[in-house]
$ cat work09.pdb   # PDB, C-alpha atoms
ATOM      1  CA  MET W 113      48.671 152.603 289.473  1.00  0.00           C
ATOM      2  CA  SER W 114      47.996 155.842 287.697  1.00  0.00           C
ATOM      3  CA  LEU W 115      44.558 157.163 288.589  1.00  0.00           C
ATOM      4  CA  LEU W 116      43.363 160.463 287.126  1.00  0.00           C
ATOM      5  CA  LEU W 117      40.331 162.386 288.368  1.00  0.00           C
ATOM      6  CA  ILE W 118      38.898 164.852 285.846  1.00  0.00           C
ATOM      7  CA  ALA W 119      36.718 167.673 287.192  1.00  0.00           C
ATOM      8  CA  ALA W 120      34.626 169.034 284.316  1.00  0.00           C
ATOM      9  CA  SER W 121      32.632 171.721 286.076  1.00  0.00           C
ATOM     10  CA  PRO W 122      33.319 175.339 285.186  1.00  0.00           C
ATOM     11  CA  SER W 123      32.694 176.232 288.860  1.00  0.00           C
ATOM     12  CA  ALA W 124      35.218 175.968 291.685  1.00  0.00           C
ATOM     13  CA  ARG W 125      32.498 174.660 294.019  1.00  0.00           C
ATOM     14  CA  SER W 126      30.012 172.349 292.408  1.00  0.00           C
ATOM     15  CA  ARG W 127      27.868 169.303 293.006  1.00  0.00           C
ATOM     16  CA  SER W 128      29.837 167.302 290.445  1.00  0.00           C
ATOM     17  CA  GLY W 129      33.028 168.373 292.229  1.00  0.00           C
ATOM     18  CA  ALA W 130      31.557 167.076 295.494  1.00  0.00           C
ATOM     19  CA  LEU W 131      30.833 163.744 293.765  1.00  0.00           C
ATOM     20  CA  LEU W 132      34.397 163.580 292.526  1.00  0.00           C
ATOM     21  CA  GLY W 133      35.767 164.390 295.974  1.00  0.00           C
ATOM     22  CA  ALA W 134      33.613 161.720 297.606  1.00  0.00           C
ATOM     23  CA  ALA W 135      34.683 159.181 294.980  1.00  0.00           C
ATOM     24  CA  ALA W 136      38.330 160.093 295.576  1.00  0.00           C
ATOM     25  CA  GLU W 137      37.867 159.418 299.293  1.00  0.00           C
ATOM     26  CA  ARG W 138      36.441 155.970 298.531  1.00  0.00           C
ATOM     27  CA  LEU W 139      39.335 155.193 296.192  1.00  0.00           C
ATOM     28  CA  GLN W 140      41.893 156.364 298.742  1.00  0.00           C
ATOM     29  CA  HIS W 141      40.326 153.966 301.280  1.00  0.00           C
ATOM     30  CA  LEU W 142      41.159 151.232 298.752  1.00  0.00           C
ATOM     31  CA  GLY W 143      44.809 152.351 298.718  1.00  0.00           C
ATOM     32  CA  LEU W 144      44.745 154.324 295.451  1.00  0.00           C
ATOM     33  CA  THR W 145      46.330 157.757 295.141  1.00  0.00           C
ATOM     34  CA  PRO W 146      44.683 159.922 292.505  1.00  0.00           C
ATOM     35  CA  GLN W 147      45.937 162.924 290.580  1.00  0.00           C
ATOM     36  CA  THR W 148      43.325 165.594 289.746  1.00  0.00           C
ATOM     37  CA  LEU W 149      42.896 167.528 286.511  1.00  0.00           C
ATOM     38  CA  ARG W 150      40.545 170.514 286.813  1.00  0.00           C
ATOM     39  CA  LEU W 151      39.490 171.427 283.303  1.00  0.00           C
ATOM     40  CA  ARG W 152      38.404 174.924 284.373  1.00  0.00           C
ATOM     41  CA  GLU W 153      42.077 175.660 285.157  1.00  0.00           C
ATOM     42  CA  LEU W 154      43.165 175.015 281.574  1.00  0.00           C
ATOM     43  CA  PRO W 155      43.525 178.131 279.426  1.00  0.00           C
ATOM     44  CA  ALA W 156      40.181 178.804 277.715  1.00  0.00           C
ATOM     45  CA  GLN W 157      41.754 180.231 274.565  1.00  0.00           C
ATOM     46  CA  ALA W 158      43.935 177.151 274.116  1.00  0.00           C
ATOM     47  CA  LEU W 159      40.977 174.803 274.730  1.00  0.00           C
ATOM     48  CA  LEU W 160      38.629 176.567 272.341  1.00  0.00           C
ATOM     49  CA  HIS W 161      41.230 176.920 269.592  1.00  0.00           C
ATOM     50  CA  ALA W 162      42.605 173.387 270.033  1.00  0.00           C
ATOM     51  CA  ASP W 163      46.089 174.765 270.641  1.00  0.00           C
ATOM     52  CA  PHE W 164      48.030 171.529 270.837  1.00  0.00           C
ATOM     53  CA  LYS W 165      51.254 173.481 271.352  1.00  0.00           C
ATOM     54  CA  ASN W 166      50.031 175.023 274.615  1.00  0.00           C
ATOM     55  CA  GLU W 167      52.031 173.627 277.535  1.00  0.00           C
ATOM     56  CA  ALA W 168      49.023 173.259 279.861  1.00  0.00           C
ATOM     57  CA  ILE W 169      47.070 171.391 277.177  1.00  0.00           C
ATOM     58  CA  GLN W 170      50.046 169.112 276.524  1.00  0.00           C
ATOM     59  CA  GLN W 171      50.389 168.373 280.247  1.00  0.00           C
ATOM     60  CA  ALA W 172      46.671 167.561 280.507  1.00  0.00           C
ATOM     61  CA  GLN W 173      46.886 165.236 277.499  1.00  0.00           C
ATOM     62  CA  GLN W 174      49.950 163.575 279.017  1.00  0.00           C
ATOM     63  CA  ALA W 175      48.125 163.034 282.315  1.00  0.00           C
ATOM     64  CA  VAL W 176      45.344 161.248 280.436  1.00  0.00           C
ATOM     65  CA  ALA W 177      47.845 159.214 278.406  1.00  0.00           C
ATOM     66  CA  GLU W 178      49.671 158.044 281.545  1.00  0.00           C
ATOM     67  CA  ALA W 179      46.525 157.171 283.517  1.00  0.00           C
ATOM     68  CA  ARG W 180      45.340 153.575 283.624  1.00  0.00           C
ATOM     69  CA  VAL W 181      42.077 154.569 285.294  1.00  0.00           C
ATOM     70  CA  ILE W 182      40.071 157.766 284.787  1.00  0.00           C
ATOM     71  CA  VAL W 183      37.243 159.049 286.941  1.00  0.00           C
ATOM     72  CA  LEU W 184      35.443 162.007 285.457  1.00  0.00           C
ATOM     73  CA  ALA W 185      32.745 164.172 286.970  1.00  0.00           C
ATOM     74  CA  THR W 186      30.538 166.533 285.043  1.00  0.00           C
ATOM     75  CA  PRO W 187      27.436 168.578 285.597  1.00  0.00           C
ATOM     76  CA  ILE W 188      24.576 167.771 283.242  1.00  0.00           C
ATOM     77  CA  TYR W 189      23.144 170.800 281.481  1.00  0.00           C
ATOM     78  CA  LYS W 190      20.182 170.473 279.111  1.00  0.00           C
ATOM     79  CA  ALA W 191      20.556 166.680 278.924  1.00  0.00           C
ATOM     80  CA  ALA W 192      24.262 166.797 277.997  1.00  0.00           C
ATOM     81  CA  TYR W 193      27.589 166.700 279.793  1.00  0.00           C
ATOM     82  CA  SER W 194      29.474 169.963 280.198  1.00  0.00           C
ATOM     83  CA  GLY W 195      30.812 171.812 277.174  1.00  0.00           C
ATOM     84  CA  LEU W 196      34.103 172.075 279.016  1.00  0.00           C
ATOM     85  CA  LEU W 197      34.387 168.286 279.026  1.00  0.00           C
ATOM     86  CA  LYS W 198      33.379 168.096 275.352  1.00  0.00           C
ATOM     87  CA  VAL W 199      36.064 170.575 274.327  1.00  0.00           C
ATOM     88  CA  PHE W 200      38.682 168.657 276.299  1.00  0.00           C
ATOM     89  CA  LEU W 201      37.661 165.241 274.950  1.00  0.00           C
ATOM     90  CA  ASP W 202      37.899 166.695 271.442  1.00  0.00           C
ATOM     91  CA  LEU W 203      41.597 167.377 272.099  1.00  0.00           C
ATOM     92  CA  LEU W 204      42.370 163.734 272.856  1.00  0.00           C
ATOM     93  CA  PRO W 205      43.639 161.465 270.080  1.00  0.00           C
ATOM     94  CA  GLN W 206      41.109 159.076 268.531  1.00  0.00           C
ATOM     95  CA  ASP W 207      42.408 156.285 270.786  1.00  0.00           C
ATOM     96  CA  GLY W 208      43.084 158.571 273.763  1.00  0.00           C
ATOM     97  CA  LEU W 209      41.271 156.294 276.231  1.00  0.00           C
ATOM     98  CA  LYS W 210      42.358 152.991 274.710  1.00  0.00           C
ATOM     99  CA  GLY W 211      42.714 150.302 277.347  1.00  0.00           C
ATOM    100  CA  LYS W 212      41.629 152.551 280.209  1.00  0.00           C
ATOM    101  CA  ALA W 213      38.910 151.926 282.757  1.00  0.00           C
ATOM    102  CA  VAL W 214      36.595 154.942 282.985  1.00  0.00           C
ATOM    103  CA  TRP W 215      34.123 155.797 285.726  1.00  0.00           C
ATOM    104  CA  SER W 216      31.653 158.609 285.012  1.00  0.00           C
ATOM    105  CA  LEU W 217      29.975 160.703 287.692  1.00  0.00           C
ATOM    106  CA  ALA W 218      27.411 163.417 287.073  1.00  0.00           C
ATOM    107  CA  SER W 219      25.090 165.798 288.832  1.00  0.00           C
ATOM    108  CA  GLY W 220      21.924 167.282 287.424  1.00  0.00           C
ATOM    109  CA  GLY W 221      18.854 169.179 288.456  1.00  0.00           C
ATOM    110  CA  SER W 222      16.481 166.236 288.216  1.00  0.00           C
ATOM    111  CA  LEU W 223      16.163 162.597 287.225  1.00  0.00           C
ATOM    112  CA  ALA W 224      15.013 163.771 283.790  1.00  0.00           C
ATOM    113  CA  HIS W 225      18.675 163.916 282.730  1.00  0.00           C
ATOM    114  CA  LEU W 226      19.726 160.572 284.204  1.00  0.00           C
ATOM    115  CA  LEU W 227      20.345 158.918 280.839  1.00  0.00           C
ATOM    116  CA  ALA W 228      22.648 161.682 279.585  1.00  0.00           C
ATOM    117  CA  LEU W 229      25.613 159.639 280.794  1.00  0.00           C
ATOM    118  CA  ASP W 230      24.562 156.527 278.864  1.00  0.00           C
ATOM    119  CA  TYR W 231      23.334 158.207 275.706  1.00  0.00           C
ATOM    120  CA  ALA W 232      25.587 161.254 275.401  1.00  0.00           C
ATOM    121  CA  LEU W 233      28.864 160.566 277.222  1.00  0.00           C
ATOM    122  CA  LEU W 234      29.300 156.780 277.015  1.00  0.00           C
ATOM    123  CA  PRO W 235      29.376 156.673 273.181  1.00  0.00           C
ATOM    124  CA  VAL W 236      32.148 159.302 273.147  1.00  0.00           C
ATOM    125  CA  LEU W 237      34.197 157.445 275.758  1.00  0.00           C
ATOM    126  CA  THR W 238      33.754 154.214 273.808  1.00  0.00           C
ATOM    127  CA  ALA W 239      34.785 155.910 270.561  1.00  0.00           C
ATOM    128  CA  LEU W 240      37.954 157.082 272.323  1.00  0.00           C
ATOM    129  CA  GLY W 241      38.755 153.459 273.204  1.00  0.00           C
ATOM    130  CA  ALA W 242      37.771 153.132 276.876  1.00  0.00           C
ATOM    131  CA  ARG W 243      37.981 149.388 277.701  1.00  0.00           C
ATOM    132  CA  ALA W 244      35.878 149.187 280.836  1.00  0.00           C
ATOM    133  CA  HIS W 245      33.044 151.385 281.953  1.00  0.00           C
ATOM    134  CA  ILE W 246      32.359 151.341 285.651  1.00  0.00           C
ATOM    135  CA  ASP W 247      28.666 151.801 286.557  1.00  0.00           C
ATOM    136  CA  SER W 248      28.112 155.530 286.460  1.00  0.00           C
ATOM    137  CA  VAL W 249      26.745 157.503 289.382  1.00  0.00           C
ATOM    138  CA  TYR W 250      24.207 160.257 288.747  1.00  0.00           C
ATOM    139  CA  ALA W 251      23.008 162.490 291.558  1.00  0.00           C
ATOM    140  CA  THR W 252      20.257 165.081 291.575  1.00  0.00           C
ATOM    141  CA  ASP W 253      20.478 168.431 293.320  1.00  0.00           C
ATOM    142  CA  GLY W 254      18.395 166.987 296.152  1.00  0.00           C
ATOM    143  CA  GLN W 255      20.966 164.247 296.771  1.00  0.00           C
ATOM    144  CA  ILE W 256      23.836 166.712 297.200  1.00  0.00           C
ATOM    145  CA  SER W 257      23.029 169.405 299.720  1.00  0.00           C
ATOM    146  CA  GLN W 258      24.732 172.760 300.091  1.00  0.00           C
ATOM    147  CA  SER W 259      25.845 173.838 303.556  1.00  0.00           C
ATOM    148  CA  SER W 260      25.741 177.397 304.859  1.00  0.00           C
ATOM    149  CA  ASP W 261      29.449 177.802 304.033  1.00  0.00           C
ATOM    150  CA  GLY W 262      28.749 177.015 300.354  1.00  0.00           C
ATOM    151  CA  ASP W 263      30.292 173.535 300.319  1.00  0.00           C
ATOM    152  CA  TYR W 264      28.361 170.598 298.928  1.00  0.00           C
ATOM    153  CA  ARG W 265      27.765 167.375 300.834  1.00  0.00           C
ATOM    154  CA  VAL W 266      26.928 164.069 299.207  1.00  0.00           C
ATOM    155  CA  GLY W 267      23.958 162.221 300.736  1.00  0.00           C
ATOM    156  CA  ASP W 268      24.005 158.690 302.132  1.00  0.00           C
ATOM    157  CA  GLU W 269      22.442 156.967 299.096  1.00  0.00           C
ATOM    158  CA  ILE W 270      24.984 158.529 296.727  1.00  0.00           C
ATOM    159  CA  THR W 271      27.812 157.710 299.151  1.00  0.00           C
ATOM    160  CA  ARG W 272      26.687 154.076 299.092  1.00  0.00           C
ATOM    161  CA  ARG W 273      26.633 154.047 295.280  1.00  0.00           C
ATOM    162  CA  LEU W 274      30.076 155.672 295.153  1.00  0.00           C
ATOM    163  CA  SER W 275      31.421 152.951 297.454  1.00  0.00           C
ATOM    164  CA  LEU W 276      29.999 150.271 295.160  1.00  0.00           C
ATOM    165  CA  GLY W 277      31.460 152.000 292.097  1.00  0.00           C
ATOM    166  CA  ALA W 278      34.872 152.360 293.743  1.00  0.00           C
ATOM    167  CA  ALA W 279      34.854 148.637 294.550  1.00  0.00           C
ATOM    168  CA  GLN W 280      33.863 147.834 290.965  1.00  0.00           C
ATOM    169  CA  LEU W 281      36.667 150.067 289.663  1.00  0.00           C
ATOM    170  CA  PHE W 282      39.130 148.349 292.009  1.00  0.00           C
ATOM    171  CA  GLU W 283      38.124 144.981 290.519  1.00  0.00           C
ATOM    172  CA  HIS W 284      39.047 146.264 287.035  1.00  0.00           C
ATOM    173  CA  LEU W 285      42.583 147.185 288.086  1.00  0.00           C
ATOM    174  CA  PRO W 286      45.395 144.952 286.898  1.00  0.00           C
ATOM    175  CA  GLN W 287      46.523 142.570 289.623  1.00  0.00           C
ATOM    176  CA  PRO W 288      50.129 142.967 290.851  1.00  0.00           C
ATOM    177  CA  ALA W 289      51.196 139.633 289.337  1.00  0.00           C
ATOM    178  CA  ALA W 290      49.752 140.670 285.962  1.00  0.00           C
ATOM    179  CA  VAL W 291      51.568 143.995 286.125  1.00  0.00           C
ATOM    180  CA  LEU W 292      54.891 142.287 286.918  1.00  0.00           C
ATOM    181  CA  ALA W 293      54.408 139.825 284.063  1.00  0.00           C
ATOM    182  CA  HIS W 294      54.181 142.720 281.591  1.00  0.00           C
ATOM    183  CA  ASP W 295      57.257 144.592 282.871  1.00  0.00           C
TER     184      ASP W 295
END
$ encode --input "work09.pdb" --output "structure tokens"
Amino acid sequence: MSLLLIAASPSARSRSGALLGAAAERLQHLGLTPQTLRLRELPAQALLHADFKNEAIQQAQQAVAEARVIVLATPIYKAAYSGLLKVFLDLLPQDGLKGKAVWSLASGGSLAHLLALDYALLPVLTALGARAHIDSVYATDGQISQSSDGDYRVGDEITRRLSLGAAQLFEHLPQPAAVLAHD
């Protein structure tokens, strides 16, 4: 099963990155092995100029194309998902998520931006052809604490919601018999 995690924060250490890491742990407990795409590591010039010939951009697009399941994590800024994620999604073909299950995770300063996932990101994912949307997980700054070493730690309530989301995602995976029937 091809599982792709997409980190859409421009920061190396971030609350949305902590969400993605915690989700990855839950998915690994279910026997899934994810691959991670960190959008901040893609060349900015190629992203901003939609350079489809750039090797790193092509590899990122290929990773999305090969994935059956995508988990993406983004910070919410001013009631919208990250510009980095927007630029990347713009590089995908119109049906770039066709038939894929997508699970969205986000972090934001307050509950005021909670609906950004449903009203800003979900329509884009649907337009790109995502077939199943796993219940998103939104966490506020207060639900993801920062330790003295600068790392972020996901709180118990968010951990519980990530476990539920991982189980829901697992239910959307093709069953082994169904996979064999299509081979």
$ residues_around --input "work09.pdb" --residues "segment 245-249 of chain W" --least-positions-apart "5" --cutoff "10 Å" --atoms "only C-alpha atoms" --output "PyMOL selection string"
chain W and resi 131+135+182-185+212-219+226+229-230+234+237-238+270-271+273-274+276-284
$ closest_residue --input "work09.pdb" --among "W:Leu223, W:Ala136, W:Leu142, W:Leu154" --to "Gln255 of chain W" --atoms "all atoms listed in the file"
W:Leu223
$ residues_around --input "work09.pdb" --residues "segment 161-172 of chain W" --least-positions-apart "6" --cutoff "9 Å" --atoms "all atoms listed in the file" --output "ChimeraX atom specification"
/W:149,151,154-155,199-200,202-203
$ residues_around --input "work09.pdb" --residues "Gly262 of chain W" --least-positions-apart "3" --cutoff "8 Å" --atoms "only C-alpha atoms" --output "number ranges by chain"
W: 125, 258-259
$ residues_around --input "work09.pdb" --residues "Gln147 of chain W" --least-positions-apart "4" --cutoff "8 Å" --atoms "all atoms listed in the file" --output "PDB file with C-alpha atoms, in the coordinates of the input"
ATOM      1  CA  SER W 114      47.996 155.842 287.697  1.00  0.00           C
ATOM      2  CA  LEU W 115      44.558 157.163 288.589  1.00  0.00           C
ATOM      3  CA  LEU W 116      43.363 160.463 287.126  1.00  0.00           C
ATOM      4  CA  LEU W 117      40.331 162.386 288.368  1.00  0.00           C
TER       5      LEU W 117
END
$ resolve_selection --input "work09.pdb" --expression "the PyMOL selection byres ((chain W and resi 133) around 10)" --output "ChimeraX atom specification"
/W:117,119,127-132,134-139,148,185,265-266
$ resolve_selection --input "work09.pdb" --expression "the PyMOL selection byres ((chain W and resi 188) around 10)" --output "ChimeraX atom specification"
/W:121,128,185-187,189-195,217-222,225-226,228-229,250-252
$ residues_near_point --input "work09.pdb" --point "(35.7, 178.6, 283.7)" --cutoff "8 Å" --atoms "all atoms listed in the file" --output "compact mmCIF listing (two decimals) with C-alpha atoms, in the frame of the given file"
# COMPACT_ATOMS: atom_id res chain seq x y z
CA SER W 121 32.63 171.72 286.08
CA PRO W 122 33.32 175.34 285.19
CA SER W 123 32.69 176.23 288.86
CA ARG W 152 38.40 174.92 284.37
CA GLU W 153 42.08 175.66 285.16
CA ALA W 156 40.18 178.80 277.71
$ closest_residue --input "work09.pdb" --among "W:Gly254, W:Ala244, W:Leu159, W:Arg150" --to "Ala120 of chain W" --atoms "all atoms listed in the file"
W:Arg150
$ atom_distance --input "work09.pdb" --atom1 "atom CA of Leu204 of chain W" --atom2 "atom CA of Leu285 of chain W"
22.5 Å
$ closest_residue --input "work09.pdb" --among "W:Thr145, W:Glu269, W:Asp253, W:Asp263" --to "Ala124 of chain W" --atoms "only C-alpha atoms"
W:Asp263
$ atom_distance --input "work09.pdb" --atom1 "atom CA of Leu197 of chain W" --atom2 "atom CA of Ile118 of chain W"
8.9 Å
$ build_atoms --input "work09.pdb" --residues "segment 183-194 of chain W" --atoms "all heavy atoms" --output "CSV table (one decimal), in the frame of the given file"
chain,number,residue,atom,x,y,z
W,183,VAL,N,38.5,158.8,286.3
W,183,VAL,CA,37.2,159.0,286.9
W,183,VAL,C,36.9,160.5,286.5
W,183,VAL,O,37.7,161.4,286.8
W,183,VAL,CB,37.3,158.9,288.5
W,183,VAL,CG1,35.9,159.2,289.1
W,183,VAL,CG2,37.8,157.6,288.9
W,184,LEU,N,35.8,160.6,285.9
W,184,LEU,CA,35.4,162.0,285.5
W,184,LEU,C,34.1,162.4,286.0
W,184,LEU,O,33.2,161.6,286.2
W,184,LEU,CB,35.5,162.2,283.9
W,184,LEU,CG,34.7,161.3,283.1
W,184,LEU,CD1,33.3,161.9,282.8
W,184,LEU,CD2,35.4,161.1,281.7
W,185,ALA,N,34.0,163.7,286.4
W,185,ALA,CA,32.7,164.2,287.0
W,185,ALA,C,32.3,165.4,286.2
W,185,ALA,O,33.1,166.3,286.0
W,185,ALA,CB,32.9,164.5,288.5
W,186,THR,N,31.1,165.4,285.8
W,186,THR,CA,30.5,166.5,285.0
W,186,THR,C,29.1,166.9,285.5
W,186,THR,O,28.4,166.1,285.9
W,186,THR,CB,30.5,166.2,283.5
W,186,THR,OG1,30.0,167.3,282.8
W,186,THR,CG2,29.6,164.9,283.3
W,187,PRO,N,28.8,168.2,285.4
W,187,PRO,CA,27.4,168.6,285.6
W,187,PRO,C,26.7,168.2,284.3
W,187,PRO,O,27.3,168.2,283.2
W,187,PRO,CB,27.5,170.1,285.8
W,187,PRO,CG,28.8,170.5,285.2
W,187,PRO,CD,29.7,169.4,285.2
W,188,ILE,N,25.4,168.0,284.4
W,188,ILE,CA,24.6,167.8,283.2
W,188,ILE,C,23.7,169.0,283.0
W,188,ILE,O,23.0,169.5,283.9
W,188,ILE,CB,23.6,166.6,283.4
W,188,ILE,CG1,24.5,165.3,283.7
W,188,ILE,CG2,22.7,166.4,282.2
W,188,ILE,CD1,25.3,164.8,282.5
W,189,TYR,N,23.9,169.6,281.9
W,189,TYR,CA,23.1,170.8,281.5
W,189,TYR,C,22.3,170.5,280.2
W,189,TYR,O,22.9,170.0,279.3
W,189,TYR,CB,24.1,172.0,281.1
W,189,TYR,CG,25.0,172.4,282.2
W,189,TYR,CD1,26.4,172.3,282.0
W,189,TYR,CD2,24.6,172.9,283.4
W,189,TYR,CE1,27.3,172.8,282.9
W,189,TYR,CE2,25.5,173.4,284.3
W,189,TYR,CZ,26.8,173.3,284.1
W,189,TYR,OH,27.7,173.7,285.0
W,190,LYS,N,21.0,170.7,280.3
W,190,LYS,CA,20.2,170.5,279.1
W,190,LYS,C,20.4,169.1,278.5
W,190,LYS,O,20.6,169.0,277.3
W,190,LYS,CB,20.4,171.6,278.1
W,190,LYS,CG,20.0,172.9,278.7
W,190,LYS,CD,20.2,174.0,277.7
W,190,LYS,CE,19.7,175.2,278.3
W,190,LYS,NZ,19.9,176.4,278.4
W,191,ALA,N,20.4,168.1,279.3
W,191,ALA,CA,20.6,166.7,278.9
W,191,ALA,C,21.9,166.3,278.3
W,191,ALA,O,22.0,165.4,277.5
W,191,ALA,CB,19.4,166.3,278.0
W,192,ALA,N,22.9,167.1,278.6
W,192,ALA,CA,24.3,166.8,278.0
W,192,ALA,C,25.3,167.1,279.0
W,192,ALA,O,25.1,167.9,279.9
W,192,ALA,CB,24.5,167.6,276.7
W,193,TYR,N,26.5,166.4,278.9
W,193,TYR,CA,27.6,166.7,279.8
W,193,TYR,C,28.2,168.1,279.5
W,193,TYR,O,27.8,168.7,278.5
W,193,TYR,CB,28.7,165.6,279.7
W,193,TYR,CG,29.2,165.3,278.3
W,193,TYR,CD1,30.3,165.9,277.8
W,193,TYR,CD2,28.5,164.4,277.5
W,193,TYR,CE1,30.8,165.7,276.6
W,193,TYR,CE2,29.0,164.1,276.2
W,193,TYR,CZ,30.1,164.8,275.7
W,193,TYR,OH,30.6,164.5,274.5
W,194,SER,N,29.0,168.6,280.3
W,194,SER,CA,29.5,170.0,280.2
W,194,SER,C,30.2,170.2,278.9
W,194,SER,O,31.0,169.3,278.4
W,194,SER,CB,30.4,170.4,281.4
W,194,SER,OG,31.7,169.8,281.3
